[in-house]
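So this block is model-v7.txt, compact mmCIF, C-alpha atoms:
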# COMPACT_ATOMS: atom_id res chain seq x y z
CA MET A 4 82.36 -44.35 -119.26
CA SER A 5 86.07 -44.57 -119.78
CA GLN A 6 86.85 -40.89 -119.23
CA LYS A 7 85.51 -37.59 -117.91
CA ILE A 8 82.88 -35.91 -120.08
CA ILE A 9 81.49 -32.39 -119.91
CA ILE A 10 78.20 -31.91 -121.76
CA THR A 11 77.19 -28.33 -122.51
CA ILE A 12 73.62 -27.65 -123.62
CA GLY A 13 72.45 -24.55 -125.45
CA ARG A 14 68.68 -24.32 -125.81
CA GLU A 15 65.82 -22.37 -127.29
CA PHE A 16 63.36 -21.18 -124.65
CA GLY A 17 60.48 -23.62 -124.30
CA SER A 18 62.31 -26.50 -125.99
CA GLY A 19 62.65 -28.39 -122.69
CA GLY A 20 66.44 -28.12 -122.86
CA ARG A 21 66.87 -27.78 -119.09
CA GLU A 22 64.60 -30.76 -118.39
CA ILE A 23 66.39 -32.91 -120.99
CA GLY A 24 69.79 -31.89 -119.55
CA LYS A 25 68.62 -32.79 -116.03
CA LYS A 26 67.31 -36.17 -117.21
CA LEU A 27 70.57 -36.82 -119.08
CA ALA A 28 72.65 -36.00 -115.97
CA GLU A 29 70.44 -38.26 -113.83
CA ASN A 30 70.64 -41.17 -116.30
CA MET A 31 74.42 -40.84 -116.55
CA GLY A 32 74.85 -40.27 -112.80
CA ILE A 33 76.80 -37.01 -113.26
CA ASP A 34 76.50 -33.45 -111.88
CA PHE A 35 74.03 -30.92 -113.30
CA TYR A 36 74.48 -27.13 -113.45
CA ASP A 37 71.93 -24.56 -114.54
CA LYS A 38 70.68 -21.94 -112.05
CA GLU A 39 73.22 -23.48 -109.67
CA LEU A 40 75.88 -21.51 -111.57
CA ILE A 41 74.47 -18.22 -110.29
CA THR A 42 74.65 -19.33 -106.67
CA LEU A 43 78.22 -20.51 -107.16
CA ALA A 44 79.22 -17.33 -109.02
CA ALA A 45 77.68 -15.19 -106.26
CA LYS A 46 79.53 -17.20 -103.62
CA GLU A 47 82.83 -16.83 -105.48
CA SER A 48 82.36 -13.09 -105.99
CA GLY A 49 81.00 -12.32 -102.53
CA MET A 50 78.15 -10.48 -104.24
CA SER A 51 74.39 -10.88 -103.88
CA LYS A 52 72.75 -13.90 -105.51
CA GLU A 53 69.59 -11.83 -106.11
CA VAL A 54 71.48 -9.17 -108.08
CA PHE A 55 73.14 -11.82 -110.25
CA GLU A 56 69.78 -13.58 -110.73
CA SER A 57 68.21 -10.42 -112.13
CA ILE A 58 70.85 -10.11 -114.86
CA ASP A 59 71.49 -13.80 -115.60
CA GLU A 60 72.20 -14.41 -119.31
CA THR A 61 71.79 -10.71 -120.07
CA ALA A 62 74.40 -8.90 -122.14
CA THR A 63 75.71 -5.52 -121.04
CA SER A 64 73.74 -2.91 -122.97
CA SER A 65 75.83 -0.26 -124.68
CA LEU A 66 74.00 2.40 -122.61
CA LEU A 67 74.84 0.66 -119.34
CA TYR A 68 78.39 0.19 -120.54
CA SER A 69 78.78 3.89 -121.34
CA LEU A 70 77.30 4.87 -117.99
CA SER A 71 79.70 2.48 -116.30
CA LEU A 72 82.68 3.86 -118.17
CA GLY A 73 81.68 7.37 -117.15
CA ASN A 74 81.21 6.33 -113.57
CA TYR A 75 84.64 6.55 -111.96
CA ARG A 76 85.15 4.85 -108.62
CA GLY A 77 88.33 4.87 -106.65
CA MET A 78 91.37 6.26 -108.48
CA PRO A 79 90.77 8.54 -111.46
CA GLY A 80 91.35 6.55 -114.64
CA THR A 81 89.95 3.31 -113.23
CA VAL A 82 86.49 2.15 -114.29
CA GLU A 83 83.88 -0.01 -112.64
CA MET A 84 83.11 -3.16 -114.68
CA PRO A 85 79.38 -3.55 -115.52
CA LEU A 86 77.62 -6.11 -113.34
CA ASN A 87 76.77 -8.31 -116.33
CA ASP A 88 80.44 -8.60 -117.23
CA LYS A 89 81.29 -9.42 -113.61
CA LEU A 90 78.67 -12.18 -113.60
CA PHE A 91 80.02 -13.50 -116.91
CA LEU A 92 83.58 -13.59 -115.54
CA PHE A 93 82.63 -15.28 -112.26
CA GLN A 94 80.34 -17.73 -114.08
CA SER A 95 83.14 -18.54 -116.54
CA ASN A 96 85.40 -19.41 -113.62
CA VAL A 97 82.70 -21.52 -112.01
CA ILE A 98 82.09 -23.35 -115.33
CA LYS A 99 85.82 -24.05 -115.76
CA GLU A 100 86.06 -25.28 -112.16
CA ALA A 101 83.03 -27.54 -112.62
CA ALA A 102 84.59 -28.98 -115.78
CA GLN A 103 87.85 -29.60 -113.91
CA LYS A 104 86.04 -31.32 -111.05
CA GLY A 105 84.38 -34.13 -113.00
CA SER A 106 81.78 -35.24 -115.55
CA CYS A 107 78.75 -32.94 -115.69
CA VAL A 108 75.97 -31.34 -117.73
CA ILE A 109 76.04 -27.51 -117.95
CA VAL A 110 73.01 -25.66 -119.37
CA GLY A 111 73.32 -22.30 -121.16
CA ARG A 112 75.58 -19.40 -120.20
CA CYS A 113 77.96 -19.70 -123.21
CA ALA A 114 79.43 -22.88 -121.66
CA ASP A 115 80.13 -24.29 -125.15
CA TYR A 116 82.19 -21.18 -125.91
CA ILE A 117 83.92 -21.06 -122.52
CA LEU A 118 84.92 -24.74 -122.87
CA ARG A 119 85.58 -24.65 -126.63
CA LYS A 120 89.18 -25.80 -126.17
CA ASP A 121 88.36 -28.51 -123.60
CA LEU A 122 88.84 -31.87 -125.33
CA ASN A 123 86.53 -33.64 -122.87
CA SER A 124 83.60 -31.37 -123.74
CA VAL A 125 80.79 -32.14 -126.12
CA HIS A 126 78.47 -29.31 -127.15
CA LEU A 127 74.75 -29.87 -127.77
CA PHE A 128 71.84 -27.60 -128.75
CA ILE A 129 68.16 -28.27 -128.18
CA HIS A 130 65.46 -26.58 -130.22
CA ALA A 131 61.82 -27.13 -131.20
CA PRO A 132 59.29 -25.62 -133.61
CA MET A 133 57.55 -22.49 -132.27
CA VAL A 134 54.15 -24.20 -132.09
CA HIS A 135 55.49 -26.85 -129.67
CA ARG A 136 57.28 -24.28 -127.54
CA ILE A 137 54.16 -22.12 -127.28
CA GLU A 138 52.13 -25.14 -126.14
CA ARG A 139 54.74 -26.07 -123.51
CA ILE A 140 55.24 -22.56 -122.11
CA SER A 141 51.54 -21.65 -122.00
CA LYS A 142 50.81 -24.85 -120.02
CA LEU A 143 53.83 -24.42 -117.73
CA HIS A 144 53.09 -20.79 -116.83
CA ASN A 145 49.31 -20.95 -117.30
CA ILE A 146 49.30 -18.11 -119.84
CA SER A 147 47.69 -17.59 -123.26
CA SER A 148 49.36 -18.71 -126.50
CA LYS A 149 49.94 -15.09 -127.44
CA GLU A 150 51.63 -14.32 -124.12
CA ALA A 151 53.72 -17.49 -124.41
CA GLU A 152 54.87 -16.54 -127.92
CA GLU A 153 55.87 -13.06 -126.75
CA MET A 154 57.75 -14.54 -123.78
CA ILE A 155 59.59 -17.04 -126.02
CA LYS A 156 60.66 -14.37 -128.49
CA LYS A 157 61.83 -12.09 -125.69
CA VAL A 158 63.87 -14.73 -123.85
CA ASP A 159 65.43 -16.12 -127.06
CA LYS A 160 66.37 -12.58 -128.11
CA LYS A 161 68.03 -12.04 -124.72
CA ARG A 162 69.89 -15.35 -124.88
CA ALA A 163 71.07 -14.66 -128.42
CA ALA A 164 72.28 -11.16 -127.44
CA TYR A 165 74.13 -12.61 -124.43
CA TYR A 166 75.77 -15.35 -126.49
CA ASN A 167 76.68 -13.10 -129.42
CA PHE A 168 78.09 -10.43 -127.05
CA TYR A 169 80.31 -12.68 -124.95
CA SER A 170 81.29 -15.34 -127.49
CA SER A 171 81.68 -13.31 -130.70
CA LYS A 172 79.91 -16.23 -132.39
CA ARG A 173 76.30 -16.57 -133.55
CA TRP A 174 73.77 -18.15 -131.16
CA GLY A 175 72.05 -21.24 -132.56
CA SER A 176 74.44 -21.68 -135.47
CA ILE A 177 75.01 -25.32 -136.49
CA SER A 178 78.80 -25.04 -136.59
CA ASN A 179 78.99 -24.21 -132.84
CA PHE A 180 77.63 -27.62 -131.88
CA HIS A 181 78.47 -31.30 -132.15
CA LEU A 182 74.80 -32.23 -132.14
CA CYS A 183 71.55 -30.22 -132.46
CA VAL A 184 68.21 -31.88 -131.87
CA ASP A 185 64.54 -30.97 -132.20
CA SER A 186 63.07 -32.07 -128.86
CA SER A 187 59.52 -32.23 -130.24
CA VAL A 188 60.41 -35.42 -132.17
CA LEU A 189 61.17 -37.78 -129.25
CA GLY A 190 60.22 -35.72 -126.17
CA VAL A 191 62.28 -35.45 -122.97
CA GLU A 192 62.99 -39.15 -122.31
CA GLY A 193 63.69 -40.17 -125.91
CA THR A 194 65.89 -37.16 -126.63
CA ALA A 195 67.90 -37.72 -123.43
CA GLU A 196 68.46 -41.34 -124.52
CA VAL A 197 69.88 -40.34 -127.93
CA LEU A 198 72.09 -37.65 -126.35
CA GLN A 199 73.39 -40.21 -123.84
CA LEU A 200 74.44 -42.60 -126.62
CA PHE A 201 76.22 -39.75 -128.41
CA ALA A 202 78.00 -38.56 -125.23
CA GLU A 203 79.01 -42.05 -124.12
CA LYS A 204 80.40 -42.96 -127.53
CA TYR A 205 82.36 -39.68 -127.45
CA ALA A 206 83.75 -40.48 -123.99
CA GLN A 207 84.84 -43.94 -125.18
CA LYS A 208 86.94 -42.55 -128.02
CA MET B 15 60.56 -50.99 -136.81
CA SER B 16 56.85 -50.61 -136.34
CA GLN B 17 56.21 -48.31 -139.32
CA LYS B 18 57.67 -46.93 -142.54
CA ILE B 19 60.39 -44.34 -142.11
CA ILE B 20 61.91 -41.98 -144.66
CA ILE B 21 65.26 -40.49 -143.62
CA THR B 22 66.42 -37.45 -145.57
CA ILE B 23 70.04 -36.35 -145.19
CA GLY B 24 71.37 -32.88 -146.04
CA ARG B 25 75.16 -32.64 -145.88
CA GLU B 26 78.12 -30.32 -146.13
CA PHE B 27 80.58 -31.43 -148.81
CA GLY B 28 83.36 -33.54 -147.32
CA SER B 29 81.43 -34.34 -144.11
CA GLY B 30 80.95 -37.98 -145.15
CA GLY B 31 77.18 -37.49 -145.30
CA ARG B 32 76.72 -39.88 -148.24
CA GLU B 33 78.83 -42.61 -146.62
CA ILE B 34 76.99 -42.24 -143.29
CA GLY B 35 73.63 -42.37 -145.09
CA LYS B 36 74.69 -45.52 -146.96
CA LYS B 37 75.87 -47.18 -143.74
CA LEU B 38 72.62 -46.20 -141.99
CA ALA B 39 70.52 -47.69 -144.82
CA GLU B 40 72.61 -50.91 -144.75
CA ASN B 41 72.33 -51.25 -140.96
CA MET B 42 68.57 -50.67 -141.07
CA GLY B 43 68.10 -52.85 -144.16
CA ILE B 44 66.30 -50.14 -146.12
CA ASP B 45 66.72 -48.55 -149.61
CA PHE B 46 69.31 -45.86 -150.31
CA TYR B 47 69.01 -43.04 -152.85
CA ASP B 48 71.70 -40.53 -153.83
CA LYS B 49 72.99 -40.45 -157.42
CA GLU B 50 70.35 -43.11 -158.09
CA LEU B 51 67.80 -40.28 -158.13
CA ILE B 52 69.31 -38.87 -161.34
CA THR B 53 69.02 -42.20 -163.16
CA LEU B 54 65.41 -42.54 -162.04
CA ALA B 55 64.59 -38.92 -162.93
CA ALA B 56 66.16 -39.39 -166.38
CA LYS B 57 64.17 -42.58 -166.88
CA GLU B 58 60.91 -40.87 -165.87
CA SER B 59 61.55 -37.86 -168.11
CA GLY B 60 62.86 -39.80 -171.10
CA MET B 61 65.82 -37.38 -171.13
CA SER B 62 69.54 -38.07 -171.06
CA LYS B 63 71.10 -39.17 -167.77
CA GLU B 64 74.35 -37.42 -168.73
CA VAL B 65 72.62 -34.05 -169.20
CA PHE B 66 70.90 -34.38 -165.81
CA GLU B 67 74.17 -35.43 -164.20
CA SER B 68 75.91 -32.27 -165.39
CA ILE B 69 73.34 -30.02 -163.69
CA ASP B 70 72.57 -32.13 -160.59
CA GLU B 71 71.90 -29.92 -157.51
CA THR B 72 72.47 -26.78 -159.54
CA ALA B 73 69.98 -23.92 -159.36
CA THR B 74 68.77 -22.23 -162.52
CA SER B 75 70.87 -19.11 -162.98
CA SER B 76 68.93 -15.93 -163.62
CA LEU B 77 70.78 -15.57 -166.95
CA LEU B 78 69.80 -19.06 -168.05
CA TYR B 79 66.27 -18.39 -166.88
CA SER B 80 66.02 -15.18 -168.90
CA LEU B 81 67.41 -16.89 -171.99
CA SER B 82 64.91 -19.67 -171.52
CA LEU B 83 62.02 -17.24 -171.14
CA GLY B 84 63.07 -15.51 -174.32
CA ASN B 85 63.43 -18.80 -176.14
CA TYR B 86 59.96 -19.65 -177.42
CA ARG B 87 59.37 -23.20 -178.58
CA GLY B 88 56.18 -24.51 -180.00
CA MET B 89 53.17 -22.21 -179.73
CA PRO B 90 53.81 -18.47 -179.26
CA GLY B 91 53.26 -17.58 -175.63
CA THR B 92 54.61 -20.90 -174.31
CA VAL B 93 58.07 -21.05 -172.79
CA GLU B 94 60.60 -23.82 -172.46
CA MET B 95 61.35 -24.66 -168.81
CA PRO B 96 65.07 -24.52 -167.90
CA LEU B 97 66.70 -27.95 -167.66
CA ASN B 98 67.52 -27.47 -163.96
CA ASP B 99 63.86 -26.88 -163.17
CA LYS B 100 62.92 -29.96 -165.19
CA LEU B 101 65.41 -32.06 -163.24
CA PHE B 102 64.08 -30.63 -159.97
CA LEU B 103 60.51 -31.50 -160.93
CA PHE B 104 61.32 -35.03 -162.09
CA GLN B 105 63.54 -35.62 -159.05
CA SER B 106 60.77 -34.36 -156.76
CA ASN B 107 58.41 -36.93 -158.29
CA VAL B 108 61.01 -39.67 -157.93
CA ILE B 109 61.59 -38.69 -154.25
CA LYS B 110 57.85 -38.72 -153.52
CA GLU B 111 57.48 -42.10 -155.25
CA ALA B 112 60.44 -43.54 -153.29
CA ALA B 113 58.88 -42.29 -150.04
CA GLN B 114 55.56 -43.91 -151.02
CA LYS B 115 57.25 -47.22 -151.83
CA GLY B 116 58.84 -47.91 -148.44
CA SER B 117 61.44 -47.06 -145.80
CA CYS B 118 64.56 -45.45 -147.25
CA VAL B 119 67.44 -42.99 -146.88
CA ILE B 120 67.54 -40.10 -149.39
CA VAL B 121 70.65 -37.92 -149.62
CA GLY B 122 70.51 -34.25 -150.67
CA ARG B 123 68.35 -32.74 -153.43
CA CYS B 124 66.03 -30.76 -151.11
CA ALA B 125 64.40 -34.04 -150.02
CA ASP B 126 63.70 -32.58 -146.55
CA TYR B 127 61.77 -29.74 -148.20
CA ILE B 128 60.00 -31.95 -150.74
CA LEU B 129 58.85 -34.30 -147.94
CA ARG B 130 58.27 -31.58 -145.31
CA LYS B 131 54.61 -32.58 -144.92
CA ASP B 132 55.28 -36.33 -144.84
CA LEU B 133 54.69 -37.51 -141.28
CA ASN B 134 56.89 -40.60 -141.76
CA SER B 135 59.91 -38.48 -142.66
CA VAL B 136 62.75 -37.50 -140.37
CA HIS B 137 65.20 -34.86 -141.57
CA LEU B 138 68.91 -34.99 -140.70
CA PHE B 139 71.91 -32.80 -141.52
CA ILE B 140 75.54 -33.84 -141.41
CA HIS B 141 78.36 -31.31 -141.08
CA ALA B 142 81.99 -31.18 -139.94
CA PRO B 143 84.63 -28.51 -139.23
CA MET B 144 86.46 -27.29 -142.34
CA VAL B 145 89.78 -28.78 -141.22
CA HIS B 146 88.31 -32.31 -141.14
CA ARG B 147 86.58 -31.88 -144.48
CA ILE B 148 89.78 -30.65 -146.12
CA GLU B 149 91.65 -33.70 -144.81
CA ARG B 150 88.96 -36.08 -146.07
CA ILE B 151 88.58 -34.53 -149.53
CA SER B 152 92.32 -34.12 -150.18
CA LYS B 153 92.88 -37.82 -149.37
CA LEU B 154 89.83 -38.97 -151.35
CA HIS B 155 90.71 -37.04 -154.52
CA ASN B 156 94.47 -37.00 -154.01
CA ILE B 157 94.67 -33.20 -154.18
CA SER B 158 96.35 -30.50 -152.07
CA SER B 159 94.69 -28.98 -149.00
CA LYS B 160 94.28 -25.71 -150.85
CA GLU B 161 92.57 -27.40 -153.80
CA ALA B 162 90.36 -29.37 -151.40
CA GLU B 163 89.30 -26.20 -149.58
CA GLU B 164 88.41 -24.49 -152.87
CA MET B 165 86.43 -27.53 -153.99
CA ILE B 166 84.53 -27.67 -150.66
CA LYS B 167 83.62 -23.99 -150.77
CA LYS B 168 82.49 -24.26 -154.40
CA VAL B 169 80.31 -27.36 -153.90
CA ASP B 170 78.75 -26.03 -150.66
CA LYS B 171 77.97 -22.73 -152.38
CA LYS B 172 76.28 -24.63 -155.24
CA ARG B 173 74.30 -26.80 -152.81
CA ALA B 174 73.21 -23.78 -150.78
CA ALA B 175 72.12 -21.92 -153.93
CA TYR B 176 70.15 -24.98 -155.12
CA TYR B 177 68.45 -25.43 -151.75
CA ASN B 178 67.69 -21.75 -151.24
CA PHE B 179 66.33 -21.43 -154.81
CA TYR B 180 63.98 -24.41 -154.77
CA SER B 181 62.96 -24.50 -151.12
CA SER B 182 62.68 -20.80 -150.24
CA LYS B 183 64.40 -21.78 -146.97
CA ARG B 184 68.00 -21.35 -145.86
CA TRP B 185 70.43 -24.26 -146.43
CA GLY B 186 72.05 -25.59 -143.26
CA SER B 187 69.69 -23.77 -140.89
CA ILE B 188 68.99 -25.65 -137.62
CA SER B 189 65.22 -25.20 -137.81
CA ASN B 190 64.98 -27.22 -141.08
CA PHE B 191 66.19 -30.40 -139.38
CA HIS B 192 65.20 -32.79 -136.62
CA LEU B 193 68.83 -33.62 -135.91
CA CYS B 194 72.16 -32.10 -137.02
CA VAL B 195 75.41 -33.84 -136.26
CA ASP B 196 79.12 -33.11 -136.59
CA SER B 197 80.49 -36.29 -138.19
CA SER B 198 84.07 -35.59 -137.02
CA VAL B 199 83.08 -36.49 -133.43
CA LEU B 200 82.16 -40.16 -133.89
CA GLY B 201 83.13 -40.89 -137.51
CA VAL B 202 81.04 -42.85 -140.03
CA GLU B 203 80.16 -45.93 -137.93
CA GLY B 204 79.49 -44.10 -134.66
CA THR B 205 77.43 -41.36 -136.28
CA ALA B 206 75.34 -43.92 -138.20
CA GLU B 207 74.64 -45.72 -134.92
CA VAL B 208 73.33 -42.55 -133.19
CA LEU B 209 71.21 -41.66 -136.24
CA GLN B 210 69.77 -45.17 -136.27
CA LEU B 211 68.66 -44.90 -132.62
CA PHE B 212 67.03 -41.53 -133.36
CA ALA B 213 65.26 -42.83 -136.49
CA GLU B 214 64.08 -46.07 -134.88
CA LYS B 215 62.71 -44.27 -131.81
CA TYR B 216 60.90 -41.91 -134.19
CA ALA B 217 59.41 -44.83 -136.12
CA GLN B 218 58.21 -46.45 -132.87
CA LYS B 219 56.18 -43.38 -131.87
If you convert what's in this file into structure tokens, what do you get?
Amino acid sequence: MSQKIIITIGREFGSGGREIGKKLAENMGIDFYDKELITLAAKESGMSKEVFESIDETATSSLLYSLSLGNYRGMPGTVEMPLNDKLFLFQSNVIKEAAQKGSCVIVGRCADYILRKDLNSVHLFIHAPMVHRIERISKLHNISSKEAEEMIKKVDKKRAAYYNFYSSKRWGSISNFHLCVDSSVLGVEGTAEVLQLFAEKYAQK
Amino acid sequence: MSQKIIITIGREFGSGGREIGKKLAENMGIDFYDKELITLAAKESGMSKEVFESIDETATSSLLYSLSLGNYRGMPGTVEMPLNDKLFLFQSNVIKEAAQKGSCVIVGRCADYILRKDLNSVHLFIHAPMVHRIERISKLHNISSKEAEEMIKKVDKKRAAYYNFYSSKRWGSISNFHLCVDSSVLGVEGTAEVLQLFAEKYAQK
């Protein structure tokens, strides 16, 4: 590669987006960030990793936000920021620092939005038909198809709410991404290969 | 390639979708259909090519449809089908026949929907940010940026209405496609190269 490249990956739950991102990072010999972002955000904030883990990719609910606004700490007139917003801010910093450091793959967490003005960043989205995602998740977690479907819908709803809340854009909309791919067509290896060609050609420009 | 492959391409106006499709077909040495579909549909129907051309990728308006329903021809109780619907039907037949014949690239005209059950078909969508499309269209037609933007919005609206009317799906929605790509990232040649890798890997499966 002739220059630094940051690859952000948005993904539907059960599409294998994380696995494809990991494979892509391995093949290209660059860093990979997914859950690692929580550890780094916790470290930067001095807060508990476990607390951040429990609210990862969760938007602040309006109820929580109201409670927080009503919950004065310290000087009257100051408000305590909801935990979700704190995690978002620390994670944003960590994502920007990772992008500064060198070529990498970053999965989820509005990274495409956070790095939307970074000219070395390429933004990808991985999806798959529901039937394939159900099959993958029910095998992975050893649960029934019905349970897998419920889980998928719940996680995707949470991810969409998180993205829409913090980015003021629409999750999974074509115009947010440089390339969107259905992972059920070529599987993990094949999809990673196509994404690598796209990313490397972008880095050569 | 180890087997027949049909590549359908949906595209935003001004994204260079037709040019990329043509390049892809040339590189792969397979047939290419775009405006050619009108000539073939006209031939099959015995109707005028010019009439079909004037309504290409245009949905039947509800007004036209009502007029048509009220316009009895032949036996009482029979109705004359609107021209747009006739073109859609003849074009659908032509698309299915082309897909039967051999490997090819088919641009627009709901081909992804018409061939949704064809296991040799891969469905692609090409888009680009408005600013790039305006630049391309204003150069191509030697018009102002404002005129180009109006033209783009008008054609995309027409294409969306056509797709939504005949497919009962939403135009430009990620889940309709195996791969969606922003052509402004790699341009015509580079995009065609990535699409070729995707299509050839699909055909090898």
Find, counting all atoms listed in the file, the residue in A:Ile129, A:Leu27, A:Val97, A:Ile9 that gets nearest to Ala45 in chain A.
->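 Going through A:Ile129, A:Leu27, A:Val97, A:Ile9 one by one, the smallest distance to Ala45 in chain A is for A:Val97.
Ranking B:Met61, B:Cys194, B:Val208, B:Cys124 by their shortest atom-to-atom distance to Ser181 in chain B, with only C-alpha atoms included, puts B:Cys124 first.
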Could you please select, counting only C-alpha atoms, the residues of chain B within 9 Å of chain A and state them as a ChimeraX atom specification?
-> /B:136,141-143,186-189,191-200,204-205,207-209,211-212,215-216,219
Shell of 7 Å around range 51-64 of chain A, only C-alpha atoms, local chain residues under 4 positions omitted, as a list in words |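 The residues that qualify are Ile41, Thr42, Ala45, Tyr68, Pro85, Asn87, Asp88, Leu90, Arg112, Lys161, Arg162, Ala164, Tyr165 and Phe168 of chain A.
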Any idea what the distance is between CA of Ile151 in chain B and CA of Arg25 in chain B?
->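 These two atoms are separated by 14.0 Å.
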Any idea what the distance is between CA of Ala113 in chain B and CA of Ser59 in chain B?
->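 Those two atoms sit 18.8 Å apart.
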Please identify all polymer residues lying at most 12 Å from the point (81.5, -38.9, -147.8) (file coordinates), using only C-alpha atoms, and present the result as a PyMOL selection string.
-> chain B and resi 24-37+48+121+140-142+146-151+153-155+166+197-198+201-202
